[in-house]
$ cat input.cif   # mmCIF, N, CA and C atoms
data_structure
loop_
_atom_site.label_atom_id
_atom_site.label_comp_id
_atom_site.auth_asym_id
_atom_site.auth_seq_id
_atom_site.Cartn_x
_atom_site.Cartn_y
_atom_site.Cartn_z
N GLN K 1 39.35 -61.41 27.30
CA GLN K 1 39.16 -60.03 27.67
C GLN K 1 38.92 -59.19 26.41
N VAL K 2 37.84 -58.47 26.40
CA VAL K 2 37.48 -57.65 25.25
C VAL K 2 37.89 -56.21 25.51
N GLN K 3 38.56 -55.62 24.55
CA GLN K 3 38.90 -54.20 24.63
C GLN K 3 38.03 -53.42 23.64
N LEU K 4 37.54 -52.29 24.09
CA LEU K 4 36.66 -51.47 23.27
C LEU K 4 37.23 -50.06 23.18
N VAL K 5 37.28 -49.53 21.97
CA VAL K 5 37.81 -48.19 21.77
C VAL K 5 36.81 -47.39 20.94
N GLU K 6 36.29 -46.34 21.55
CA GLU K 6 35.32 -45.47 20.87
C GLU K 6 36.04 -44.36 20.12
N SER K 7 35.40 -43.87 19.08
CA SER K 7 35.90 -42.73 18.33
C SER K 7 34.72 -42.03 17.65
N GLY K 8 34.97 -40.83 17.15
CA GLY K 8 33.95 -40.13 16.40
C GLY K 8 33.24 -39.01 17.14
N GLY K 9 33.53 -38.85 18.41
CA GLY K 9 32.92 -37.77 19.15
C GLY K 9 33.48 -36.42 18.72
N GLY K 10 32.87 -35.36 19.22
CA GLY K 10 33.35 -34.02 18.89
C GLY K 10 32.31 -32.97 19.19
N LEU K 11 32.54 -31.80 18.64
CA LEU K 11 31.64 -30.67 18.81
C LEU K 11 30.81 -30.49 17.55
N VAL K 12 29.52 -30.37 17.72
CA VAL K 12 28.62 -30.20 16.57
C VAL K 12 27.52 -29.23 16.96
N GLN K 13 27.00 -28.51 15.99
CA GLN K 13 25.89 -27.61 16.25
C GLN K 13 24.59 -28.38 16.37
N ALA K 14 23.66 -27.82 17.09
CA ALA K 14 22.33 -28.43 17.20
C ALA K 14 21.75 -28.64 15.81
N GLY K 15 21.15 -29.81 15.61
CA GLY K 15 20.63 -30.18 14.31
C GLY K 15 21.60 -30.95 13.44
N GLY K 16 22.85 -30.98 13.87
CA GLY K 16 23.87 -31.68 13.11
C GLY K 16 23.92 -33.17 13.40
N SER K 17 24.91 -33.82 12.83
CA SER K 17 25.04 -35.27 12.95
C SER K 17 26.46 -35.66 13.34
N LEU K 18 26.55 -36.80 13.98
CA LEU K 18 27.83 -37.43 14.29
C LEU K 18 27.66 -38.92 14.14
N ARG K 19 28.75 -39.59 13.79
CA ARG K 19 28.76 -41.05 13.75
C ARG K 19 29.85 -41.55 14.67
N LEU K 20 29.43 -42.24 15.71
CA LEU K 20 30.37 -42.84 16.64
C LEU K 20 30.71 -44.25 16.19
N SER K 21 31.95 -44.63 16.45
CA SER K 21 32.39 -45.99 16.16
C SER K 21 33.00 -46.59 17.41
N CYS K 22 32.90 -47.89 17.51
CA CYS K 22 33.51 -48.61 18.63
C CYS K 22 34.16 -49.86 18.06
N ALA K 23 35.47 -49.89 18.12
CA ALA K 23 36.22 -51.03 17.62
C ALA K 23 36.54 -51.99 18.76
N ALA K 24 36.26 -53.26 18.54
CA ALA K 24 36.48 -54.28 19.57
C ALA K 24 37.64 -55.18 19.19
N SER K 25 38.34 -55.65 20.21
CA SER K 25 39.41 -56.62 20.01
C SER K 25 39.49 -57.54 21.21
N GLY K 26 40.10 -58.68 21.02
CA GLY K 26 40.33 -59.60 22.13
C GLY K 26 39.25 -60.60 22.39
N GLY K 27 38.23 -60.64 21.56
CA GLY K 27 37.16 -61.61 21.74
C GLY K 27 36.48 -61.90 20.42
N THR K 28 35.48 -62.77 20.46
CA THR K 28 34.71 -63.07 19.26
C THR K 28 33.55 -62.09 19.19
N PHE K 29 33.73 -61.06 18.42
CA PHE K 29 32.81 -59.92 18.42
C PHE K 29 31.37 -60.34 18.16
N SER K 30 31.17 -61.24 17.24
CA SER K 30 29.82 -61.62 16.84
C SER K 30 29.03 -62.28 17.96
N ARG K 31 29.68 -62.70 19.01
CA ARG K 31 29.00 -63.36 20.13
C ARG K 31 28.50 -62.38 21.18
N TYR K 32 28.83 -61.11 21.02
CA TYR K 32 28.49 -60.11 22.02
C TYR K 32 27.39 -59.18 21.54
N ALA K 33 26.43 -58.95 22.41
CA ALA K 33 25.54 -57.83 22.19
C ALA K 33 26.34 -56.56 22.44
N MET K 34 25.99 -55.51 21.71
CA MET K 34 26.72 -54.24 21.85
C MET K 34 25.74 -53.13 22.17
N ALA K 35 26.22 -52.15 22.89
CA ALA K 35 25.33 -51.06 23.29
C ALA K 35 26.10 -49.77 23.42
N TRP K 36 25.35 -48.70 23.40
CA TRP K 36 25.87 -47.37 23.69
C TRP K 36 25.11 -46.82 24.89
N PHE K 37 25.88 -46.28 25.81
CA PHE K 37 25.35 -45.54 26.95
C PHE K 37 25.97 -44.16 26.92
N ARG K 38 25.38 -43.25 27.64
CA ARG K 38 25.98 -41.91 27.74
C ARG K 38 25.84 -41.39 29.16
N GLN K 39 26.72 -40.46 29.47
CA GLN K 39 26.69 -39.85 30.80
C GLN K 39 26.94 -38.36 30.67
N ALA K 40 25.95 -37.59 31.06
CA ALA K 40 26.07 -36.14 31.07
C ALA K 40 26.68 -35.69 32.39
N PRO K 41 27.28 -34.50 32.42
CA PRO K 41 27.89 -34.01 33.66
C PRO K 41 26.87 -34.00 34.80
N GLY K 42 27.26 -34.59 35.91
CA GLY K 42 26.41 -34.59 37.09
C GLY K 42 25.24 -35.55 37.05
N LYS K 43 25.18 -36.37 36.02
CA LYS K 43 24.06 -37.31 35.90
C LYS K 43 24.57 -38.74 35.83
N GLU K 44 23.66 -39.67 36.04
CA GLU K 44 24.02 -41.07 35.96
C GLU K 44 24.13 -41.51 34.50
N ARG K 45 24.88 -42.57 34.31
CA ARG K 45 25.01 -43.13 32.97
C ARG K 45 23.66 -43.70 32.54
N GLU K 46 23.29 -43.45 31.30
CA GLU K 46 21.99 -43.90 30.82
C GLU K 46 22.10 -44.62 29.48
N PHE K 47 21.17 -45.48 29.25
CA PHE K 47 21.10 -46.27 28.03
C PHE K 47 20.73 -45.40 26.84
N VAL K 48 21.37 -45.67 25.70
CA VAL K 48 21.05 -44.97 24.47
C VAL K 48 20.49 -45.96 23.43
N ALA K 49 21.28 -46.99 23.12
CA ALA K 49 20.86 -47.95 22.09
C ALA K 49 21.63 -49.24 22.26
N ALA K 50 21.04 -50.33 21.79
CA ALA K 50 21.70 -51.63 21.88
C ALA K 50 21.34 -52.46 20.66
N ILE K 51 22.21 -53.41 20.36
CA ILE K 51 21.96 -54.32 19.26
C ILE K 51 22.39 -55.71 19.68
N SER K 52 21.55 -56.67 19.39
CA SER K 52 21.82 -58.04 19.83
C SER K 52 22.81 -58.72 18.90
N THR K 53 23.16 -59.95 19.26
CA THR K 53 23.87 -60.80 18.32
C THR K 53 22.86 -61.22 17.25
N SER K 54 23.35 -61.76 16.17
CA SER K 54 22.45 -62.06 15.07
C SER K 54 21.85 -63.45 15.20
N ALA K 55 20.64 -63.56 14.73
CA ALA K 55 19.99 -64.85 14.55
C ALA K 55 19.64 -64.91 13.07
N SER K 56 20.35 -65.74 12.35
CA SER K 56 20.15 -65.82 10.90
C SER K 56 20.33 -64.46 10.24
N ARG K 57 21.36 -63.72 10.70
CA ARG K 57 21.71 -62.43 10.13
C ARG K 57 20.68 -61.34 10.41
N ILE K 58 19.80 -61.58 11.36
CA ILE K 58 18.86 -60.54 11.76
C ILE K 58 19.23 -60.09 13.16
N TYR K 59 19.47 -58.79 13.30
CA TYR K 59 19.83 -58.22 14.59
C TYR K 59 18.63 -57.47 15.16
N ALA K 60 18.48 -57.56 16.45
CA ALA K 60 17.44 -56.80 17.13
C ALA K 60 18.05 -55.57 17.76
N ALA K 61 17.51 -54.43 17.43
CA ALA K 61 18.00 -53.18 17.99
C ALA K 61 16.95 -52.60 18.93
N SER K 62 17.43 -51.94 19.95
CA SER K 62 16.52 -51.26 20.89
C SER K 62 17.09 -49.88 21.19
N TYR K 63 16.19 -48.96 21.54
CA TYR K 63 16.57 -47.58 21.74
C TYR K 63 15.89 -46.99 22.97
N ALA K 64 16.58 -46.08 23.60
CA ALA K 64 15.94 -45.25 24.61
C ALA K 64 14.97 -44.31 23.91
N ASP K 65 13.96 -43.87 24.62
CA ASP K 65 12.97 -42.98 24.01
C ASP K 65 13.62 -41.74 23.41
N ALA K 66 14.64 -41.22 24.08
CA ALA K 66 15.30 -40.00 23.64
C ALA K 66 16.06 -40.20 22.33
N ALA K 67 16.35 -41.45 22.00
CA ALA K 67 17.15 -41.75 20.81
C ALA K 67 16.31 -42.21 19.62
N LYS K 68 15.11 -42.64 19.89
CA LYS K 68 14.26 -43.16 18.82
C LYS K 68 14.04 -42.12 17.73
N ALA K 69 14.09 -42.57 16.49
CA ALA K 69 13.84 -41.75 15.30
C ALA K 69 14.99 -40.81 14.97
N ARG K 70 15.98 -40.69 15.86
CA ARG K 70 17.13 -39.82 15.56
C ARG K 70 18.44 -40.59 15.48
N PHE K 71 18.57 -41.65 16.26
CA PHE K 71 19.81 -42.41 16.33
C PHE K 71 19.60 -43.79 15.71
N THR K 72 20.67 -44.31 15.12
CA THR K 72 20.63 -45.66 14.58
C THR K 72 21.88 -46.41 14.99
N ILE K 73 21.69 -47.57 15.60
CA ILE K 73 22.81 -48.42 15.96
C ILE K 73 22.94 -49.50 14.90
N SER K 74 24.18 -49.83 14.57
CA SER K 74 24.44 -50.90 13.61
C SER K 74 25.76 -51.56 13.97
N ARG K 75 25.98 -52.73 13.39
CA ARG K 75 27.23 -53.43 13.67
C ARG K 75 27.73 -54.08 12.40
N ASP K 76 29.04 -54.21 12.34
CA ASP K 76 29.70 -54.91 11.24
C ASP K 76 30.58 -55.97 11.88
N ASP K 77 30.10 -57.19 11.91
CA ASP K 77 30.84 -58.25 12.58
C ASP K 77 32.16 -58.57 11.87
N ALA K 78 32.22 -58.31 10.58
CA ALA K 78 33.47 -58.56 9.85
C ALA K 78 34.55 -57.56 10.25
N LYS K 79 34.13 -56.39 10.70
CA LYS K 79 35.09 -55.35 11.10
C LYS K 79 35.19 -55.21 12.61
N ASN K 80 34.45 -56.05 13.35
CA ASN K 80 34.47 -55.98 14.82
C ASN K 80 34.13 -54.57 15.32
N THR K 81 33.15 -53.96 14.71
CA THR K 81 32.85 -52.57 15.00
C THR K 81 31.34 -52.36 15.13
N VAL K 82 30.98 -51.54 16.09
CA VAL K 82 29.59 -51.11 16.23
C VAL K 82 29.55 -49.60 16.04
N TYR K 83 28.46 -49.13 15.46
CA TYR K 83 28.33 -47.72 15.13
C TYR K 83 27.08 -47.14 15.79
N LEU K 84 27.12 -45.83 15.99
CA LEU K 84 25.94 -45.10 16.42
C LEU K 84 25.85 -43.85 15.54
N GLN K 85 24.90 -43.86 14.63
CA GLN K 85 24.64 -42.69 13.80
C GLN K 85 23.66 -41.79 14.53
N MET K 86 24.07 -40.57 14.80
CA MET K 86 23.25 -39.64 15.56
C MET K 86 22.89 -38.45 14.67
N ASN K 87 21.62 -38.27 14.43
CA ASN K 87 21.13 -37.17 13.62
C ASN K 87 20.27 -36.22 14.45
N SER K 88 20.06 -35.03 13.94
CA SER K 88 19.22 -34.04 14.62
C SER K 88 19.64 -33.88 16.08
N LEU K 89 20.91 -33.71 16.29
CA LEU K 89 21.43 -33.64 17.65
C LEU K 89 20.92 -32.41 18.39
N LYS K 90 20.72 -32.60 19.68
CA LYS K 90 20.21 -31.56 20.55
C LYS K 90 21.23 -31.28 21.65
N PRO K 91 21.20 -30.09 22.25
CA PRO K 91 22.14 -29.81 23.35
C PRO K 91 22.06 -30.84 24.47
N GLU K 92 20.89 -31.39 24.70
CA GLU K 92 20.74 -32.38 25.78
C GLU K 92 21.36 -33.74 25.44
N ASP K 93 21.83 -33.90 24.20
CA ASP K 93 22.56 -35.12 23.85
C ASP K 93 24.02 -35.08 24.28
N LYS K 94 24.43 -33.95 24.80
CA LYS K 94 25.82 -33.79 25.24
C LYS K 94 26.17 -34.79 26.33
N GLY K 95 27.38 -35.33 26.24
CA GLY K 95 27.86 -36.25 27.27
C GLY K 95 29.00 -37.09 26.76
N VAL K 96 29.47 -37.96 27.63
CA VAL K 96 30.46 -38.94 27.23
C VAL K 96 29.70 -40.20 26.82
N TYR K 97 29.98 -40.68 25.64
CA TYR K 97 29.31 -41.85 25.09
C TYR K 97 30.22 -43.06 25.24
N TYR K 98 29.66 -44.09 25.87
CA TYR K 98 30.41 -45.31 26.14
C TYR K 98 29.86 -46.47 25.33
N CYS K 99 30.77 -47.26 24.83
CA CYS K 99 30.43 -48.49 24.15
C CYS K 99 30.55 -49.64 25.16
N ALA K 100 29.67 -50.62 25.03
CA ALA K 100 29.69 -51.75 25.95
C ALA K 100 29.41 -53.04 25.20
N ALA K 101 29.99 -54.13 25.70
CA ALA K 101 29.80 -55.46 25.10
C ALA K 101 29.27 -56.42 26.14
N GLY K 102 28.26 -57.19 25.77
CA GLY K 102 27.64 -58.12 26.69
C GLY K 102 27.60 -59.53 26.17
N ALA K 103 28.10 -60.47 26.98
CA ALA K 103 28.20 -61.86 26.54
C ALA K 103 26.84 -62.55 26.46
N ARG K 104 25.84 -62.03 27.16
CA ARG K 104 24.52 -62.66 27.09
C ARG K 104 23.90 -62.53 25.71
N GLY K 105 24.31 -61.49 24.97
CA GLY K 105 23.90 -61.38 23.58
C GLY K 105 22.51 -60.83 23.34
N ARG K 106 21.83 -60.40 24.40
CA ARG K 106 20.42 -60.05 24.22
C ARG K 106 20.19 -58.63 23.75
N GLY K 107 21.14 -57.74 24.00
CA GLY K 107 20.96 -56.37 23.53
C GLY K 107 19.90 -55.60 24.29
N LEU K 108 19.89 -55.76 25.61
CA LEU K 108 18.93 -55.02 26.43
C LEU K 108 19.53 -53.73 26.95
N GLY K 109 18.71 -52.91 27.56
CA GLY K 109 19.14 -51.57 27.96
C GLY K 109 19.61 -51.43 29.39
N TYR K 110 20.06 -52.50 29.99
CA TYR K 110 20.50 -52.46 31.38
C TYR K 110 22.00 -52.59 31.48
N MET K 111 22.61 -51.78 32.31
CA MET K 111 24.07 -51.81 32.44
C MET K 111 24.56 -53.18 32.87
N ASP K 112 23.78 -53.87 33.68
CA ASP K 112 24.20 -55.18 34.18
C ASP K 112 24.33 -56.23 33.09
N GLU K 113 23.77 -55.94 31.92
CA GLU K 113 23.85 -56.87 30.79
C GLU K 113 25.24 -56.88 30.15
N TYR K 114 26.06 -55.91 30.48
CA TYR K 114 27.30 -55.68 29.75
C TYR K 114 28.52 -55.92 30.62
N ASP K 115 29.47 -56.63 30.02
CA ASP K 115 30.65 -57.09 30.75
C ASP K 115 31.88 -56.23 30.50
N TYR K 116 31.92 -55.57 29.38
CA TYR K 116 33.10 -54.79 29.01
C TYR K 116 32.68 -53.39 28.56
N TRP K 117 33.52 -52.43 28.90
CA TRP K 117 33.22 -51.04 28.61
C TRP K 117 34.43 -50.35 28.02
N GLY K 118 34.15 -49.41 27.11
CA GLY K 118 35.22 -48.58 26.61
C GLY K 118 35.45 -47.38 27.50
N GLN K 119 36.40 -46.54 27.10
CA GLN K 119 36.76 -45.35 27.90
C GLN K 119 35.87 -44.16 27.60
N GLY K 120 35.12 -44.22 26.51
CA GLY K 120 34.19 -43.16 26.21
C GLY K 120 34.73 -42.15 25.22
N THR K 121 33.80 -41.48 24.55
CA THR K 121 34.14 -40.39 23.64
C THR K 121 33.18 -39.23 23.89
N GLN K 122 33.71 -38.03 23.93
CA GLN K 122 32.93 -36.85 24.30
C GLN K 122 32.12 -36.34 23.11
N VAL K 123 30.87 -36.07 23.37
CA VAL K 123 29.99 -35.43 22.38
C VAL K 123 29.48 -34.13 22.97
N THR K 124 29.69 -33.05 22.25
CA THR K 124 29.21 -31.74 22.70
C THR K 124 28.36 -31.14 21.59
N VAL K 125 27.17 -30.67 21.96
CA VAL K 125 26.25 -30.09 20.99
C VAL K 125 25.99 -28.65 21.39
N SER K 126 26.35 -27.73 20.53
CA SER K 126 26.15 -26.31 20.82
C SER K 126 24.79 -25.86 20.30
N SER K 127 24.19 -24.94 21.04
CA SER K 127 22.86 -24.45 20.66
C SER K 127 22.95 -23.24 19.75
#
$ encode --input "input.cif" --output "structure tokens"
Amino acid sequence: QVQLVESGGGLVQAGGSLRLSCAASGGTFSRYAMAWFRQAPGKEREFVAAISTSASRIYAASYADAAKARFTISRDDAKNTVYLQMNSLKPEDKGVYYCAAGARGRGLGYMDEYDYWGQGTQVTVSS
């Protein structure tokens, strides 16, 4: 059983940056693809970014269109942690950001790919 704990959310002005972290425990972190999803009030949870397990130390990252060029996902397998660096934040980026781990390891943008979820961290962007 994998436990995921997100941190790093908060209130930031539009144009600012935040770095989210997700610490994993209870499993072999390097075997899991990791992803970030978000959910705005009244909306469905949506994909933000994902990163696969490594093949020869090369990770494949994927992003939702809304996140491309502004967000960067990365992982540190030695620290059992995945990060989401968010730059140039916009009010529409507001929501609860969830970390997810998937045993298939592919790092795709579908919720069904992921077996474990964190409790989420709130991100609020003021205009």
$ closest_atom_pairs --input "input.cif" --of "segment 66-119 of chain K" --to "segment 35-56 of chain K" --cutoff "7 Å" --atoms "only C-alpha atoms" --output "Markdown table"
| residue | atom | partner | partner_atom | distance |
| --- | --- | --- | --- | --- |
| K:Ala67 | CA | K:Val48 | CA | 6.2 |
| K:Ile73 | CA | K:Ala49 | CA | 6.4 |
| K:Lys94 | CA | K:Ala40 | CA | 6.3 |
| K:Gly95 | CA | K:Ala40 | CA | 4.2 |
| K:Val96 | CA | K:Gln39 | CA | 5.3 |
| K:Tyr97 | CA | K:Arg38 | CA | 4.3 |
| K:Tyr98 | CA | K:Phe37 | CA | 5.1 |
| K:Cys99 | CA | K:Trp36 | CA | 4.7 |
| K:Ala100 | CA | K:Ala35 | CA | 5.2 |
| K:Ala101 | CA | K:Ala35 | CA | 6.5 |
| K:Gly105 | CA | K:Thr53 | CA | 5.3 |
| K:Arg106 | CA | K:Ser52 | CA | 5.0 |
| K:Gly107 | CA | K:Ser52 | CA | 4.1 |
| K:Leu108 | CA | K:Ala50 | CA | 6.3 |
| K:Gly109 | CA | K:Phe47 | CA | 5.7 |
$ closest_residue --input "input.cif" --among "K:Ser126, K:Gln3, K:Arg19, K:Arg31" --to "Asp77 of chain K" --atoms "only N, CA and C atoms"
K:Arg31
$ atom_distance --input "input.cif" --atom1 "atom N of Arg75 of chain K" --atom2 "atom C of Ser62 of chain K"
12.2 Å
$ atom_distance --input "input.cif" --atom1 "atom CA of Asp93 of chain K" --atom2 "atom CA of Ser25 of chain K"
27.6 Å
$ atom_distance --input "input.cif" --atom1 "atom CA of Leu89 of chain K" --atom2 "atom C of Tyr114 of chain K"
26.7 Å
$ closest_residue --input "input.cif" --among "K:Pro91, K:Arg104, K:Gln13, K:Tyr116" --to "Gln1 of chain K" --atoms "only N, CA and C atoms"
K:Tyr116
$ closest_residue --input "input.cif" --among "K:Ala33, K:Val123, K:Val82, K:Ala61" --to "Ser21 of chain K" --atoms "all atoms listed in the file"
K:Val82
$ select_by_dssp --input "input.cif" --residues "chain K" --states "strand (DSSP E)" --output "PyMOL selection string"
chain K and resi 3-7+10-13+18-25+33-39+46-51+61-63+71-76+81-86+95-102+116-117+121-126
$ residues_around --input "input.cif" --residues "Gln119 of chain K" --least-positions-apart "6" --cutoff "6 Å" --atoms "all atoms listed in the file" --output "PyMOL selection string"
chain K and resi 4-6+98
$ closest_residue --input "input.cif" --among "K:Gln122, K:Gly102, K:Tyr59, K:Ser127" --to "Met34 of chain K" --atoms "only N, CA and C atoms"
K:Gly102
$ select_by_dssp --input "input.cif" --residues "chain K" --states "helix (DSSP H, G or I)" --output "list of chain:residue names"
K:Phe29, K:Ser30, K:Arg31, K:Pro91, K:Glu92, K:Asp93, K:Met111, K:Asp112, K:Glu113
$ resolve_selection --input "input.cif" --expression "the PyMOL selection byres (((chain K and resi 88 and name CA) around 7) and name CA)" --output "MDAnalysis selection string"
chainID K and resid 14:17 70 86:87 89:90
$ axis_aligned_box --input "input.cif" --around "segment 75-82 of chain K" --padding-each-side "8 Å" --output "lines of an AutoDock Vina configuration file"
center_x = 30.6
center_y = -54.1
center_z = 13.0
size_x = 25.2
size_y = 25.0
size_z = 22.4
$ closest_residue --input "input.cif" --among "K:Ile58, K:Ala64, K:Val12, K:Ala24" --to "Tyr110 of chain K" --atoms "only C-alpha atoms"
K:Ala64
$ closest_residue --input "input.cif" --among "K:Ala23, K:Ala69, K:Tyr63, K:Ala103" --to "Thr81 of chain K" --atoms "all atoms listed in the file"
K:Ala23
$ build_atoms --input "input.cif" --residues "segment 95-107 of chain K" --atoms "N, CA, C and O atoms" --output "PDB file, in the frame of the given file"
ATOM      1  N   GLY K  95      27.380 -35.330  26.240  1.00  0.00           N
ATOM      2  CA  GLY K  95      27.860 -36.250  27.270  1.00  0.00           C
ATOM      3  C   GLY K  95      29.000 -37.090  26.760  1.00  0.00           C
ATOM      4  O   GLY K  95      29.420 -36.961  25.613  1.00  0.00           O
ATOM      5  N   VAL K  96      29.470 -37.960  27.630  1.00  0.00           N
ATOM      6  CA  VAL K  96      30.460 -38.940  27.230  1.00  0.00           C
ATOM      7  C   VAL K  96      29.700 -40.200  26.820  1.00  0.00           C
ATOM      8  O   VAL K  96      28.869 -40.709  27.575  1.00  0.00           O
ATOM      9  N   TYR K  97      29.980 -40.680  25.640  1.00  0.00           N
ATOM     10  CA  TYR K  97      29.310 -41.850  25.090  1.00  0.00           C
ATOM     11  C   TYR K  97      30.220 -43.060  25.240  1.00  0.00           C
ATOM     12  O   TYR K  97      31.364 -43.043  24.797  1.00  0.00           O
ATOM     13  N   TYR K  98      29.660 -44.090  25.870  1.00  0.00           N
ATOM     14  CA  TYR K  98      30.410 -45.310  26.140  1.00  0.00           C
ATOM     15  C   TYR K  98      29.860 -46.470  25.330  1.00  0.00           C
ATOM     16  O   TYR K  98      28.642 -46.651  25.228  1.00  0.00           O
ATOM     17  N   CYS K  99      30.770 -47.260  24.830  1.00  0.00           N
ATOM     18  CA  CYS K  99      30.430 -48.490  24.150  1.00  0.00           C
ATOM     19  C   CYS K  99      30.550 -49.640  25.160  1.00  0.00           C
ATOM     20  O   CYS K  99      31.414 -49.602  26.043  1.00  0.00           O
ATOM     21  N   ALA K 100      29.670 -50.620  25.030  1.00  0.00           N
ATOM     22  CA  ALA K 100      29.690 -51.750  25.950  1.00  0.00           C
ATOM     23  C   ALA K 100      29.410 -53.040  25.200  1.00  0.00           C
ATOM     24  O   ALA K 100      28.677 -53.048  24.200  1.00  0.00           O
ATOM     25  N   ALA K 101      29.990 -54.130  25.700  1.00  0.00           N
ATOM     26  CA  ALA K 101      29.800 -55.460  25.100  1.00  0.00           C
ATOM     27  C   ALA K 101      29.270 -56.420  26.140  1.00  0.00           C
ATOM     28  O   ALA K 101      29.780 -56.461  27.270  1.00  0.00           O
ATOM     29  N   GLY K 102      28.260 -57.190  25.770  1.00  0.00           N
ATOM     30  CA  GLY K 102      27.640 -58.120  26.690  1.00  0.00           C
ATOM     31  C   GLY K 102      27.600 -59.530  26.170  1.00  0.00           C
ATOM     32  O   GLY K 102      27.098 -59.771  25.068  1.00  0.00           O
ATOM     33  N   ALA K 103      28.100 -60.470  26.980  1.00  0.00           N
ATOM     34  CA  ALA K 103      28.200 -61.860  26.540  1.00  0.00           C
ATOM     35  C   ALA K 103      26.840 -62.550  26.460  1.00  0.00           C
ATOM     36  O   ALA K 103      26.702 -63.570  25.783  1.00  0.00           O
ATOM     37  N   ARG K 104      25.840 -62.030  27.160  1.00  0.00           N
ATOM     38  CA  ARG K 104      24.520 -62.660  27.090  1.00  0.00           C
ATOM     39  C   ARG K 104      23.900 -62.530  25.710  1.00  0.00           C
ATOM     40  O   ARG K 104      23.015 -63.299  25.337  1.00  0.00           O
ATOM     41  N   GLY K 105      24.310 -61.490  24.970  1.00  0.00           N
ATOM     42  CA  GLY K 105      23.900 -61.380  23.580  1.00  0.00           C
ATOM     43  C   GLY K 105      22.510 -60.830  23.340  1.00  0.00           C
ATOM     44  O   GLY K 105      22.061 -60.748  22.193  1.00  0.00           O
ATOM     45  N   ARG K 106      21.830 -60.400  24.400  1.00  0.00           N
ATOM     46  CA  ARG K 106      20.420 -60.050  24.220  1.00  0.00           C
ATOM     47  C   ARG K 106      20.190 -58.630  23.750  1.00  0.00           C
ATOM     48  O   ARG K 106      19.130 -58.319  23.200  1.00  0.00           O
ATOM     49  N   GLY K 107      21.140 -57.740  24.000  1.00  0.00           N
ATOM     50  CA  GLY K 107      20.960 -56.370  23.530  1.00  0.00           C
ATOM     51  C   GLY K 107      19.900 -55.600  24.290  1.00  0.00           C
ATOM     52  O   GLY K 107      19.130 -54.842  23.706  1.00  0.00           O
TER      53      GLY K 107
END
